[in-house]
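Next up, upload05.txt (compact mmCIF, C-alpha atoms):
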```txt
# COMPACT_ATOMS: atom_id res chain seq x y z
CA MET K 1 -28.53 -13.23 38.18
CA GLY K 2 -25.27 -14.72 39.45
CA GLY K 3 -27.20 -17.00 41.79
CA LEU K 4 -29.27 -18.32 38.89
CA ALA K 5 -26.11 -19.02 36.90
CA VAL K 6 -24.62 -20.95 39.80
CA ALA K 7 -27.85 -22.91 40.22
CA GLY K 8 -27.92 -23.72 36.51
CA ASP K 9 -24.30 -24.82 36.55
CA GLY K 10 -25.03 -26.99 39.57
CA THR K 11 -27.93 -28.79 37.91
CA ILE K 12 -25.82 -29.52 34.83
CA LEU K 13 -22.87 -30.76 36.88
CA GLU K 14 -25.14 -32.92 39.04
CA ALA K 15 -26.28 -34.74 35.90
CA ASN K 16 -22.66 -35.82 35.33
CA ARG K 17 -22.03 -37.21 38.82
CA PRO K 18 -23.50 -40.68 39.35
CA GLN K 19 -23.96 -41.67 42.96
CA LEU K 20 -23.64 -45.18 44.37
CA VAL K 21 -26.60 -46.42 46.41
CA SER K 22 -25.90 -49.67 48.30
CA LEU K 23 -28.69 -51.74 49.79
CA GLU K 24 -29.09 -55.06 51.53
CA VAL K 25 -32.38 -56.72 50.59
CA ALA K 26 -33.73 -59.74 52.43
CA LEU K 27 -35.72 -62.22 50.34
CA PRO K 28 -37.42 -64.84 52.54
CA ARG K 29 -37.47 -67.48 49.78
CA LEU K 30 -33.77 -67.08 49.00
CA ALA K 31 -31.63 -70.11 49.87
CA GLY K 32 -28.66 -69.63 52.16
CA SER K 33 -26.21 -70.42 49.36
CA TRP K 34 -27.31 -67.17 47.65
CA ASP K 35 -26.73 -64.98 50.70
CA GLY K 36 -24.39 -62.15 49.73
CA PHE K 37 -25.12 -62.33 45.98
CA ARG K 38 -24.58 -58.85 44.53
CA ILE K 39 -26.54 -57.25 41.69
CA ALA K 40 -25.66 -53.86 40.16
CA GLN K 41 -28.38 -51.90 38.36
CA LEU K 42 -28.26 -49.13 35.77
CA SER K 43 -31.25 -47.65 33.99
CA ASP K 44 -32.51 -44.97 31.60
CA PHE K 45 -29.41 -44.18 29.61
CA HIS K 46 -30.99 -42.04 26.84
CA TYR K 47 -27.65 -42.25 25.11
CA ASP K 48 -26.24 -39.23 23.32
CA GLU K 49 -22.63 -38.36 22.57
CA TYR K 50 -22.62 -35.06 24.46
CA PHE K 51 -24.47 -35.48 27.74
CA SER K 52 -25.45 -38.97 28.91
CA VAL K 53 -22.17 -40.47 27.74
CA VAL K 54 -20.35 -38.65 30.57
CA PRO K 55 -22.26 -40.13 33.54
CA LEU K 56 -22.49 -43.48 31.76
CA ARG K 57 -18.71 -43.83 31.52
CA LYS K 58 -18.39 -42.92 35.20
CA ALA K 59 -21.12 -45.39 36.16
CA ILE K 60 -19.39 -48.19 34.27
CA ASP K 61 -16.17 -47.44 36.15
CA ILE K 62 -18.04 -47.56 39.47
CA ILE K 63 -19.60 -50.93 38.68
CA ASN K 64 -16.37 -52.48 37.46
CA ARG K 65 -14.66 -51.47 40.69
CA LEU K 66 -17.48 -53.12 42.64
CA GLU K 67 -17.04 -56.46 40.79
CA PRO K 68 -20.70 -57.55 41.17
CA ASP K 69 -21.99 -61.03 40.48
CA LEU K 70 -24.52 -59.74 37.96
CA VAL K 71 -25.52 -56.46 36.26
CA VAL K 72 -29.05 -55.56 35.18
CA LEU K 73 -29.99 -52.78 32.75
CA THR K 74 -33.64 -51.74 33.02
CA GLY K 75 -34.34 -49.99 29.74
CA ASP K 76 -34.50 -46.73 27.77
CA PHE K 77 -31.15 -47.09 26.07
CA VAL K 78 -32.16 -44.51 23.44
CA THR K 79 -34.59 -41.58 23.20
CA SER K 80 -37.63 -41.85 20.98
CA PRO K 81 -38.60 -38.84 18.84
CA LEU K 82 -42.20 -39.71 19.71
CA GLN K 83 -41.40 -39.17 23.37
CA GLN K 84 -39.24 -36.06 23.11
CA SER K 85 -40.99 -32.77 22.36
CA GLY K 86 -39.60 -30.89 19.36
CA SER K 87 -37.53 -33.77 17.97
CA VAL K 88 -37.73 -34.41 14.22
CA ARG K 89 -35.55 -37.50 14.17
CA ALA K 90 -37.09 -40.63 12.73
CA GLY K 91 -37.38 -43.70 14.92
CA ALA K 92 -34.75 -45.60 12.96
CA ALA K 93 -32.26 -42.76 13.35
CA ALA K 94 -32.96 -42.57 17.08
CA ALA K 95 -32.45 -46.31 17.44
CA ALA K 96 -28.98 -45.97 15.90
CA ALA K 97 -27.80 -44.57 19.24
CA ILE K 98 -27.93 -48.12 20.59
CA GLU K 99 -24.70 -48.97 18.78
CA PRO K 100 -22.32 -46.63 20.67
CA CYS K 101 -24.37 -47.21 23.82
CA ALA K 102 -24.01 -50.99 23.61
CA GLU K 103 -20.31 -50.60 22.81
CA LEU K 104 -19.85 -48.76 26.10
CA LEU K 105 -22.08 -51.15 28.05
CA SER K 106 -20.05 -54.08 26.75
CA GLN K 107 -17.26 -52.78 29.02
CA LEU K 108 -19.31 -53.75 32.08
CA ARG K 109 -17.77 -56.61 34.04
CA ALA K 110 -19.84 -59.06 36.06
CA ARG K 111 -18.92 -62.48 37.42
CA LEU K 112 -21.91 -64.05 35.65
CA HIS K 113 -24.08 -62.00 33.29
CA VAL K 114 -25.19 -58.57 32.14
CA LEU K 115 -28.98 -58.77 31.57
CA SER K 116 -31.45 -56.23 30.19
CA VAL K 117 -35.03 -55.32 29.34
CA LEU K 118 -36.40 -52.69 26.98
CA GLY K 119 -38.02 -49.39 27.97
CA ASN K 120 -40.79 -47.42 26.31
CA HIS K 121 -38.36 -45.26 24.32
CA ASP K 122 -36.65 -48.38 22.97
CA VAL K 123 -39.92 -49.93 21.85
CA ASP K 124 -41.04 -46.65 20.26
CA THR K 125 -37.98 -46.61 17.97
CA ASN K 126 -36.77 -49.90 16.50
CA PRO K 127 -36.91 -52.58 19.22
CA SER K 128 -35.76 -55.47 17.04
CA HIS K 129 -32.60 -53.54 16.11
CA ILE K 130 -31.97 -52.59 19.73
CA ILE K 131 -32.36 -56.22 20.82
CA ASP K 132 -30.04 -57.44 18.06
CA VAL K 133 -27.32 -54.92 18.94
CA LEU K 134 -27.49 -55.56 22.69
CA GLN K 135 -27.36 -59.31 22.24
CA SER K 136 -24.48 -59.01 19.76
CA HIS K 137 -22.60 -57.35 22.63
CA ALA K 138 -23.36 -60.27 24.98
CA ILE K 139 -26.22 -58.46 26.74
CA PRO K 140 -29.29 -60.74 26.64
CA VAL K 141 -32.68 -59.01 26.52
CA LEU K 142 -35.30 -60.72 28.69
CA GLN K 143 -38.38 -60.01 26.61
CA ASN K 144 -41.13 -61.98 28.39
CA ARG K 145 -38.70 -64.73 29.31
CA SER K 146 -36.50 -65.86 32.16
CA LEU K 147 -32.97 -67.04 32.85
CA LEU K 148 -31.92 -69.54 35.50
CA ILE K 149 -28.80 -69.34 37.66
CA GLU K 150 -27.83 -72.17 39.99
CA ARG K 151 -25.52 -72.18 43.01
CA GLU K 152 -24.81 -75.19 45.21
CA GLY K 153 -27.91 -76.90 43.88
CA LYS K 154 -30.20 -73.96 44.70
CA ARG K 155 -31.75 -71.85 41.97
CA LEU K 156 -32.44 -68.15 41.42
CA TRP K 157 -34.44 -66.91 38.45
CA PHE K 158 -34.20 -63.61 36.57
CA ALA K 159 -37.27 -62.77 34.50
CA GLY K 160 -38.06 -59.78 32.32
CA VAL K 161 -41.18 -58.35 30.71
CA ASP K 162 -41.50 -56.37 27.53
CA ASP K 163 -42.14 -52.68 28.09
CA VAL K 164 -45.49 -52.09 29.75
CA LEU K 165 -46.39 -48.79 28.06
CA ALA K 166 -45.22 -49.39 24.50
CA GLY K 167 -44.64 -53.14 24.20
CA LYS K 168 -46.51 -56.38 24.83
CA PRO K 169 -45.71 -57.38 28.41
CA ASP K 170 -46.64 -60.93 29.36
CA ILE K 171 -45.66 -61.74 32.92
CA GLU K 172 -47.24 -65.18 32.78
CA ARG K 173 -45.06 -66.07 29.81
CA ALA K 174 -42.01 -64.58 31.52
CA LEU K 175 -42.58 -66.76 34.59
CA ARG K 176 -43.58 -69.90 32.66
CA GLY K 177 -41.70 -72.97 33.83
CA ILE K 178 -40.46 -71.42 37.06
CA PRO K 179 -41.34 -73.61 40.06
CA PRO K 180 -43.56 -71.55 42.40
CA ALA K 181 -41.31 -72.11 45.42
CA GLU K 182 -38.16 -70.73 43.77
CA PRO K 183 -37.16 -67.05 44.11
CA VAL K 184 -37.57 -64.65 41.20
CA VAL K 185 -36.05 -61.25 40.41
CA LEU K 186 -38.19 -59.45 37.83
CA LEU K 187 -36.90 -56.72 35.51
CA ALA K 188 -39.68 -54.35 34.42
CA HIS K 189 -38.99 -50.87 33.10
CA GLU K 190 -42.04 -49.18 34.65
CA PRO K 191 -42.09 -49.35 38.47
CA ASP K 192 -45.87 -49.07 38.86
CA PHE K 193 -46.13 -52.47 37.17
CA ALA K 194 -45.32 -53.77 40.67
CA ASP K 195 -49.01 -53.57 41.57
CA ARG K 196 -49.60 -56.32 39.01
CA ALA K 197 -46.38 -58.25 39.64
CA ALA K 198 -47.29 -58.47 43.35
CA HIS K 199 -50.02 -60.95 42.41
CA TYR K 200 -47.40 -63.37 41.10
CA PRO K 201 -44.60 -65.34 42.84
CA VAL K 202 -42.04 -62.55 42.33
CA ASP K 203 -39.69 -61.62 45.16
CA LEU K 204 -37.90 -58.51 43.86
CA GLN K 205 -38.78 -56.14 41.01
CA LEU K 206 -36.11 -53.80 39.64
CA SER K 207 -37.31 -50.83 37.57
CA GLY K 208 -36.41 -47.40 36.26
CA HIS K 209 -38.45 -45.14 33.94
CA SER K 210 -39.25 -42.24 36.29
CA HIS K 211 -35.79 -40.60 36.38
CA GLY K 212 -36.86 -39.85 39.95
CA GLY K 213 -38.49 -36.78 38.42
CA GLN K 214 -35.04 -35.58 37.28
CA ILE K 215 -35.76 -32.22 38.93
CA ARG K 216 -36.85 -32.29 42.58
CA LEU K 217 -37.82 -28.98 44.15
CA PRO K 218 -37.75 -28.31 47.91
CA LEU K 219 -41.18 -28.79 49.54
CA ILE K 220 -42.68 -29.68 46.16
CA GLY K 221 -40.80 -32.75 44.98
CA ALA K 222 -40.84 -33.70 41.32
CA PRO K 223 -43.03 -31.38 39.18
CA TYR K 224 -43.32 -34.08 36.52
CA LEU K 225 -43.34 -37.86 36.58
CA PRO K 226 -44.21 -40.13 33.63
CA ARG K 227 -47.18 -42.45 33.48
CA LEU K 228 -46.56 -45.70 35.38
CA GLY K 229 -43.73 -43.96 37.23
CA ARG K 230 -45.85 -41.80 39.55
CA LYS K 231 -46.83 -44.15 42.35
CA TYR K 232 -43.35 -45.57 43.04
CA PRO K 233 -41.00 -42.94 41.52
CA TRP K 234 -37.81 -43.80 43.38
CA GLY K 235 -36.29 -45.93 46.07
CA LEU K 236 -37.31 -49.03 47.99
CA ARG K 237 -40.93 -50.07 48.47
CA HIS K 238 -42.86 -53.11 49.67
CA ILE K 239 -46.05 -54.18 47.90
CA ASN K 240 -47.42 -57.12 49.85
CA SER K 241 -44.59 -59.69 49.75
CA LEU K 242 -42.91 -58.04 46.74
CA VAL K 243 -39.87 -55.80 47.19
CA LEU K 244 -39.63 -53.05 44.56
CA TYR K 245 -36.71 -50.78 43.79
CA THR K 246 -36.90 -47.84 41.37
CA ASN K 247 -33.54 -46.61 40.08
CA VAL K 248 -33.55 -42.91 39.06
CA GLY K 249 -31.44 -43.52 35.96
CA ILE K 250 -28.27 -42.31 34.33
CA GLY K 251 -29.33 -40.06 31.45
CA THR K 252 -31.75 -37.18 31.08
CA ILE K 253 -34.56 -36.22 28.74
CA ARG K 254 -35.78 -32.87 27.42
CA VAL K 255 -33.14 -30.91 29.34
CA PRO K 256 -29.69 -32.29 30.30
CA MET K 257 -30.13 -31.30 33.94
CA ARG K 258 -30.79 -32.85 37.33
CA LEU K 259 -31.58 -31.17 40.62
CA ASN K 260 -31.59 -33.03 43.95
CA CYS K 261 -31.72 -36.21 41.89
CA PRO K 262 -28.24 -37.30 40.74
CA PRO K 263 -27.68 -40.22 38.35
CA GLU K 264 -27.60 -43.53 40.16
CA VAL K 265 -25.71 -46.80 40.32
CA THR K 266 -27.48 -49.23 42.63
CA LEU K 267 -25.78 -52.19 44.27
CA PHE K 268 -28.01 -54.82 45.88
CA THR K 269 -26.69 -57.43 48.26
CA LEU K 270 -29.24 -60.21 48.61
CA ARG K 271 -29.77 -61.69 52.05
CA ALA K 272 -31.42 -65.00 52.83
CA ALA K 273 -32.20 -64.46 56.52
CA ARG K 274 -35.86 -63.76 57.19
CA SER K 275 -34.98 -61.48 60.07
CA GLN K 276 -32.55 -59.31 58.07
CA PRO K 277 -34.17 -55.89 57.40
CA ASP K 278 -33.77 -53.97 54.15
CA THR K 279 -31.14 -51.32 54.82
CA LEU K 280 -29.57 -48.38 53.05
CA ARG K 281 -25.91 -47.71 53.65
```

Here is a file; write its structure as structure tokens.
Amino acid sequence: MGGLAVAGDGTILEANRPQLVSLEVALPRLAGSWDGFRIAQLSDFHYDEYFSVVPLRKAIDIINRLEPDLVVLTGDFVTSPLQQSGSVRAGAAAAAAIEPCAELLSQLRARLHVLSVLGNHDVDTNPSHIIDVLQSHAIPVLQNRSLLIEREGKRLWFAGVDDVLAGKPDIERALRGIPPAEPVVLLAHEPDFADRAAHYPVDLQLSGHSHGGQIRLPLIGAPYLPRLGRKYPWGLRHINSLVLYTNVGIGTIRVPMRLNCPPEVTLFTLRAARSQPDTLR
């Protein structure tokens, strides 16, 4: 009985301890002037005032100490009552959690921008309100559109699609106007969307959605993974010429616990050299 209590306490504490994952990612189409550009990623906040707020505050502190060039937020800021078993909250009430969440996220510091896309929980509540609140806190939402950044005459594009499960994703619209030879970082909440994105001139896709399973059991792995988060549930993958990374998220859903899957802050350092391998440090 005591062992079970310790295990339970451990899973709850783990959910409050975000871990930093640092990677170097080589993008062959990236110009040399962009070598060393740093992107921090957070995902799947599922904001509530008792549980997810704790790791979120810690994650914000981690990112601000890192002083990245840019921060990306890959969706599920709130929790939809349609997605959470037993919840009786209306969608509008659930969407109200975006206000304290955005207030916290506005504390993020990046040299250039903090960018975002919506997740399926966001779209299942009140997406227009969530977009309005995020953008009122200087966090643009890339809903089937792109943003250009230029350095020393060389360009890097950040594109985002609407949520794949619950929204109206349009990757062709998101990439419209981007010259085919210029590098693109795509924000898409669901990682398995990479199988489609790999058919387009996209260099790096950053996703969340899966929570990494949230609970990972020895020899078994994650007992549950959501739709479109089952093929690429966590970590770094290559799909043809596309590099995909799936962040396991900050918050939790259904139970405020994590096991062998702590909350994550990811820091990417982009490398221009073709010979530079993708590495974890």

*Expressed in Å to a single decimal, how great is the separation between CA of Arg109 (chain K) and CA of Ala59 (chain K)?*
11.9 Å

*Nearest to Val72 (chain K) by atom-to-atom distance, counting all atoms listed in the file, from K:Ile253, K:Val133, K:Cys101, K:Leu206*: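 Of K:Ile253, K:Val133, K:Cys101, K:Leu206, the one nearest Val72 (chain K), counting all atoms listed in the file, is K:Leu206.
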
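Among K:Ala272, K:Leu187, K:Val123, K:Val265, the residue with the shortest atom-to-atom distance to Leu142 (chain K), counting all atoms listed in the file, is K:Leu187.
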
_Between CA of Asp48 (chain K) and CA of Gly160 (chain K), what distance in Å does the model show, to one decimal?_
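About the pair CA of Asp48 (chain K) and CA of Gly160 (chain K): they are 25.4 Å apart.
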
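Shortest separation to Ile139 (chain K) among K:Ala102, K:Ala96, K:Ile250, K:Val202 occurs at residue K:Ala102, atoms counted being only C-alpha atoms.
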
_Need to verify the contact set: Arg237 (chain K), 10 Å, only C-alpha atoms, exclusion of same-chain residues closer than 4 positions in sequence. Can you return it as JSON, numbers by chain?_
{"K": [194, 205, 232, 233, 242, 243, 244, 245, 246, 278]}

_Local residues around (-27.8, -50.7, 32.9), at most 8 Å away, using all atoms listed in the file, as JSON, numbers by chain_ = {"K": [41, 42, 43, 44, 45, 71, 72, 73, 74, 75, 105, 116]}

*Looking at all atoms listed in the file, which of K:Arg254, K:Arg173, K:Arg111, K:His189 is the one that sits closest to Pro81 (chain K)?*
K:Arg254

*Rounded to one decimal in Å, what is the spacing between CA of Gln143 (chain K) and CA of Asp162 (chain K)?*
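Computed distance, CA of Gln143 (chain K) to CA of Asp162 (chain K), equals 4.9 Å.
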
*Counting all atoms listed in the file, figure out which residue out of K:Ile215, K:His113, K:Trp234, K:Leu270 gets nearest to Val255 (chain K).*
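Of K:Ile215, K:His113, K:Trp234, K:Leu270, the one nearest Val255 (chain K), counting all atoms listed in the file, is K:Ile215.
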
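Minimum atom-to-atom distances from K:Leu228, K:Val117, K:Ala159, K:Ala31 to Leu175 (chain K) were compared using all atoms listed in the file, and the lowest value belongs to K:Ala159.
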
*asked:* Which residues are near Val78 (chain K)? Cut-off 8 Å, all atoms listed in the file, ignore same chain within fewer than 6 positions. Put them as a PyMOL selection string.
replied: chain K and resi 45-48+94-95+97-98+121-122

So for region 127-144 of chain K, what box centre and size do we get, axis-aligned, 5 Å extra on each of the six sides, every listed atom, Å to one decimal, as JSON?
```
{"center_x": -31.9, "center_y": -57.3, "center_z": 22.4, "size_x": 28.5, "size_y": 19.4, "size_z": 22.6}
```

Do you know which residues lie at most 8 Å from (-37.1, -48.4, 33.2), with coordinates as in the file and all atoms listed in the file counted, and could you write them as a PDB file with C-alpha atoms, in the frame of the given file?
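Wrote part.pdb, looks like this:
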```pdb
ATOM      1  CA  SER K  43     -31.250 -47.650  33.990  1.00  0.00           C
ATOM      2  CA  ASP K  44     -32.510 -44.970  31.600  1.00  0.00           C
ATOM      3  CA  THR K  74     -33.640 -51.740  33.020  1.00  0.00           C
ATOM      4  CA  GLY K  75     -34.340 -49.990  29.740  1.00  0.00           C
ATOM      5  CA  ASP K  76     -34.500 -46.730  27.770  1.00  0.00           C
ATOM      6  CA  LEU K 118     -36.400 -52.690  26.980  1.00  0.00           C
ATOM      7  CA  GLY K 119     -38.020 -49.390  27.970  1.00  0.00           C
ATOM      8  CA  ASN K 120     -40.790 -47.420  26.310  1.00  0.00           C
ATOM      9  CA  ALA K 188     -39.680 -54.350  34.420  1.00  0.00           C
ATOM     10  CA  HIS K 189     -38.990 -50.870  33.100  1.00  0.00           C
ATOM     11  CA  GLU K 190     -42.040 -49.180  34.650  1.00  0.00           C
ATOM     12  CA  PRO K 191     -42.090 -49.350  38.470  1.00  0.00           C
ATOM     13  CA  SER K 207     -37.310 -50.830  37.570  1.00  0.00           C
ATOM     14  CA  GLY K 208     -36.410 -47.400  36.260  1.00  0.00           C
ATOM     15  CA  HIS K 209     -38.450 -45.140  33.940  1.00  0.00           C
ATOM     16  CA  SER K 210     -39.250 -42.240  36.290  1.00  0.00           C
ATOM     17  CA  ASN K 247     -33.540 -46.610  40.080  1.00  0.00           C
ATOM     18  CA  GLY K 249     -31.440 -43.520  35.960  1.00  0.00           C
TER      19      GLY K 249
END
```

_Long-range neighbours of Leu156 (chain K) as a list in words, 8 Å cut-off, all atoms listed in the file, 2 positions minimum in chain_ = Leu30, Leu148, Ile149, Glu150, Lys154, Phe158, Glu182, Pro183, Val184 and Val185 of chain K

*For Ile239 (chain K), work out the shell of residues within 10 Å, counting all atoms listed in the file and skipping chain neighbours fewer than 6 positions away, then give it as a ChimeraX atom specification.*
/K:194-199

*Test item: residues at most 8 Å from region 49-57 of chain K, only C-alpha atoms, excluding those fewer than 6 positions along its chain, as a ChimeraX atom specification*: /K:15-18,104,250-252,256,263
